[in-house]
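Dumped data.txt below, it's compact mmCIF, C-alpha atoms:
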# COMPACT_ATOMS: atom_id res chain seq x y z
CA MET A 1 91.61 102.28 83.59
CA PHE A 2 93.67 101.65 86.72
CA PHE A 3 92.16 101.92 90.20
CA LEU A 4 93.37 101.64 93.79
CA VAL A 5 90.60 100.87 96.29
CA LYS A 6 90.39 100.51 100.05
CA ARG A 7 87.26 98.35 100.14
CA PRO A 8 86.39 94.93 98.69
CA ILE A 9 86.71 94.68 94.92
CA ILE A 10 83.48 93.97 93.08
CA PRO A 11 84.55 93.90 89.41
CA SER A 12 81.18 94.88 87.97
CA GLU A 13 81.34 98.18 89.90
CA TYR A 14 84.46 99.24 87.99
CA PHE A 15 84.19 97.55 84.61
CA PRO A 16 81.61 96.32 82.15
CA LEU A 17 81.82 92.51 82.27
CA ASN A 18 80.90 92.12 78.63
CA SER A 19 81.58 93.80 75.33
CA SER A 20 79.60 93.12 72.16
CA GLU A 21 82.53 94.01 69.88
CA CYS A 22 85.00 91.69 71.60
CA GLY A 23 85.17 87.89 71.37
CA GLY A 24 88.10 87.50 73.75
CA MET A 25 87.62 88.58 77.35
CA VAL A 26 90.16 87.53 79.95
CA PHE A 27 89.66 88.18 83.65
CA PHE A 28 92.37 87.58 86.23
CA GLU A 29 91.75 87.44 89.97
CA GLY A 30 94.57 87.50 92.50
CA ARG A 31 93.40 86.37 95.95
CA VAL A 32 95.04 86.22 99.38
CA ARG A 33 96.30 82.70 100.11
CA ASN A 34 96.81 81.12 103.52
CA SER A 35 100.49 80.26 103.19
CA ASN A 36 103.70 81.57 101.72
CA LEU A 37 107.24 80.20 101.86
CA GLY A 38 106.24 77.57 104.42
CA LYS A 39 104.55 80.01 106.82
CA GLU A 40 100.84 80.10 107.68
CA VAL A 41 99.45 83.48 106.64
CA ILE A 42 96.47 84.85 108.61
CA SER A 43 96.09 88.19 106.81
CA LEU A 44 98.00 90.79 104.85
CA SER A 45 98.10 94.47 104.15
CA TYR A 46 98.90 96.42 101.01
CA ASP A 47 100.39 99.88 101.15
CA ALA A 48 101.20 102.11 98.18
CA TYR A 49 102.73 105.32 97.08
CA GLU A 50 99.32 106.11 95.63
CA GLU A 51 100.10 109.02 93.32
CA MET A 52 102.97 107.16 91.66
CA ALA A 53 101.07 103.84 91.66
CA LEU A 54 98.22 105.43 89.68
CA LEU A 55 100.62 106.97 87.17
CA GLU A 56 102.56 103.72 86.68
CA GLY A 57 99.38 101.64 86.50
CA LYS A 58 97.85 103.86 83.82
CA LYS A 59 101.12 103.77 81.88
CA ILE A 60 101.15 99.94 81.98
CA LEU A 61 97.58 99.73 80.70
CA GLN A 62 98.36 102.16 77.88
CA LEU A 63 101.47 100.17 76.92
CA ALA A 64 99.39 96.97 76.92
CA LYS A 65 96.84 98.59 74.64
CA ASN A 66 99.59 99.82 72.30
CA SER A 67 101.49 96.50 72.27
CA PHE A 68 98.61 94.02 71.93
CA SER A 69 95.54 94.13 69.74
CA ILE A 70 93.16 94.83 72.59
CA GLU A 71 90.17 97.12 72.83
CA LYS A 72 90.06 97.74 76.59
CA ALA A 73 92.07 96.95 79.71
CA TYR A 74 91.16 97.48 83.35
CA CYS A 75 92.98 96.85 86.61
CA VAL A 76 91.93 97.41 90.20
CA HIS A 77 94.25 96.77 93.16
CA ARG A 78 93.15 96.65 96.76
CA LEU A 79 94.94 98.57 99.51
CA GLY A 80 94.72 98.16 103.27
CA ASP A 81 93.97 95.07 105.34
CA LEU A 82 92.84 91.89 103.58
CA ALA A 83 91.72 88.50 104.90
CA ILE A 84 92.41 85.08 103.42
CA GLN A 85 90.66 84.69 100.03
CA ASP A 86 89.93 88.42 99.69
CA LEU A 87 90.35 89.69 96.15
CA ALA A 88 93.62 91.65 96.02
CA ILE A 89 93.79 92.44 92.29
CA TRP A 90 91.42 92.12 89.35
CA ILE A 91 92.35 92.56 85.70
CA GLY A 92 89.99 92.58 82.74
CA VAL A 93 91.18 92.62 79.13
CA TYR A 94 88.90 92.80 76.10
CA SER A 95 90.00 91.96 72.56
CA LYS A 96 88.52 90.78 69.31
CA HIS A 97 90.66 87.63 69.67
CA ARG A 98 91.61 85.51 72.69
CA LYS A 99 95.37 85.32 72.10
CA ALA A 100 95.81 89.08 72.42
CA ALA A 101 93.59 89.18 75.53
CA PHE A 102 95.60 86.42 77.26
CA GLY A 103 98.92 88.02 76.34
CA ALA A 104 97.88 91.46 77.52
CA ALA A 105 96.49 90.14 80.83
CA GLU A 106 99.76 88.33 81.56
CA TYR A 107 101.76 91.42 80.60
CA ILE A 108 99.65 93.63 82.88
CA ILE A 109 99.97 91.47 86.01
CA ASP A 110 103.71 91.01 85.47
CA GLU A 111 104.30 94.74 84.98
CA VAL A 112 102.11 95.75 87.93
CA LYS A 113 104.11 93.43 90.20
CA LYS A 114 107.42 94.80 88.85
CA LYS A 115 106.77 98.52 88.49
CA VAL A 116 103.85 99.76 90.57
CA PRO A 117 104.91 100.94 94.05
CA ILE A 118 102.57 98.71 96.06
CA TRP A 119 103.98 96.75 99.00
CA LYS A 120 102.60 93.64 100.66
CA LYS A 121 103.03 92.85 104.33
CA GLU A 122 102.04 89.36 105.51
CA PHE A 123 100.95 88.53 109.04
CA TYR A 124 101.65 85.01 110.26
CA LYS A 125 100.00 82.64 112.70
CA GLU A 126 103.23 82.62 114.77
CA GLY A 127 102.65 86.31 115.53
CA ASP A 128 105.33 87.85 113.32
CA SER A 129 105.03 89.68 110.01
CA SER A 130 107.20 90.57 107.04
CA TRP A 131 107.24 92.58 103.86
CA VAL A 132 107.04 90.15 100.96
CA GLU A 133 108.87 90.13 97.63
CA CYS A 134 109.59 93.81 97.60
CA LEU A 135 110.97 94.21 94.10
CA ALA A 136 111.77 97.88 94.65
CA CYS A 137 114.06 96.84 97.50
CA LYS A 138 116.05 94.77 95.01
CA GLN A 139 116.42 97.45 92.34
CA ASP A 140 119.73 99.20 92.15
CA HIS A 141 120.14 102.96 92.33
CA HIS A 142 120.67 103.29 88.58
CA GLU A 143 117.44 101.52 87.71
CA GLN A 144 115.40 103.81 89.98
CA HIS A 145 116.75 106.93 88.28
CA THR A 146 116.24 105.63 84.75
CA ARG A 147 112.53 105.25 85.57
CA HIS A 148 112.46 109.07 86.00
CA TYR A 149 111.46 109.21 89.62
CA HIS A 150 113.00 108.69 92.98
CA HIS A 151 111.04 106.97 95.71
CA ASP A 152 112.41 106.95 99.23
CA HIS A 153 111.61 103.38 100.04
CA HIS A 154 109.98 103.23 103.47
CA HIS A 155 107.58 100.52 104.55
CA SER A 156 106.42 101.60 107.96
CA ALA A 157 104.28 104.64 107.17
CA HIS A 158 100.84 103.23 108.02
CA ASN A 159 101.46 99.67 109.08
CA THR A 160 102.25 99.61 112.75
CA HIS A 161 99.75 96.94 113.83
CA HIS A 162 97.40 94.59 112.03
CA ALA A 163 95.35 91.73 113.40

Let me see the file written as C-alpha cells.
Amino acid sequence: MFFLVKRPIIPSEYFPLNSSECGGMVFFEGRVRNSNLGKEVISLSYDAYEEMALLEGKKILQLAKNSFSIEKAYCVHRLGDLAIQDLAIWIGVYSKHRKAAFGAAEYIIDEVKKKVPIWKKEFYKEGDSSWVECLACKQDHHEQHTRHYHHDHHHSAHNTHHA
C-alpha cells in the first residue's frame, strides 16, 4: 500500500509493525537532514503530482512483490513543509526471509526516488532555496513518453514561500 500524507508520519497508523508469518521485516526511515551539498538546510517542502504519484507508487510496490519473495510492502511519503529530522518517507517490507525483505526495501526506495513525481525544495539558512535532485528534470523527452504519460514539469504550483 502506498500513501501520500500531509501530516507527520506515524508508521503504526498505516501499517502493522509485526507479522506472525514473516521472519524478515525491514523498515526504512528517510529523515530531513540539516545540510546538503555544503549548504545549511533549515527546512524543506515536498510537492507532488498526487494522482500520478499514487499510481506509480502502487505500481512499484506491486513490482516489488512480484520480483522478490515478500508477503507485504508499504510506503508512506510526506508532502508539504517539513522541519529538520521530520520523517519524510517510511517503508516497511515483510518477508519469510531477511534477504528478500532487504532487497525489496532497497528496490522500493530507489524506484520511488526515480519514478514517483514528488519534488523536494530545500530552504537554506542563507535565505535562498532550490529544487533538489529533480530526476524528472533530467529525463529526456523519449523517456517520458515511454512511461505512458506526459507530465508538464512545473515546480512553482504551491511553493511560493516557506519559512

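From CA of Glu126 (chain A) back to CA of Asn34 (chain A), the distance works out to 13.0 Å.
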
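Using only C-alpha atoms for every distance, the candidate list A:Ile109, A:Ile84, A:Val26, A:Leu61 yields A:Ile84 as the residue closest to Leu44 (chain A).
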
Between CA of Tyr14 (chain A) and CA of Ser43 (chain A), distance in Å (one decimal)
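Separation between CA of Tyr14 (chain A) and CA of Ser43 (chain A): 24.7 Å.
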
For each of A:Gly92, A:Gly103, A:Gly80, A:Gly57, take the minimum atom-to-atom distance to Glu122 (chain A), counting only C-alpha atoms, then give the residue where this is smallest.
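Using only C-alpha atoms, the shortest distance to Glu122 (chain A) belongs to A:Gly80.
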
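Coordinates place CA of Asp128 (chain A) at a distance of 23.4 Å from CA of Gly30 (chain A).
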
Here is a test: counting all atoms listed in the file, which residue of A:Ile60, A:Leu37, A:Val112, A:Met25 is nearest to Tyr94 (chain A)?
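Using all atoms listed in the file, Tyr94 (chain A) sits closest to A:Met25.
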
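For the choices A:Gly38, A:Gly127, A:Pro16, A:Pro8, the atom-to-atom distance to Arg78 (chain A) is smallest for A:Pro8 when using only C-alpha atoms.
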
Can you tell me, as a PyMOL selection string, which residues sit within 9 Å of (94.7, 101.4, 89.3) in the file's frame, using only C-alpha atoms?
chain A and resi 1-5+53-58+74-78

Within 8 Å of Ala48 (chain A), counting all atoms listed in the file, which residues show up once you throw out same-chain ones fewer than 4 positions away? Write them as a PyMOL selection string, please.
chain A and resi 53+79+117-119

Under the rule that only C-alpha atoms are counted, which of A:Glu13, A:Asp81, A:Glu133, A:Asp86 is the nearest residue to Val32 (chain A)?
A:Asp86

Top pick for closest residue to Lys115 (chain A), considering A:Asn66, A:Tyr49, A:Val132, A:Phe102 and counting all atoms listed in the file
A:Tyr49
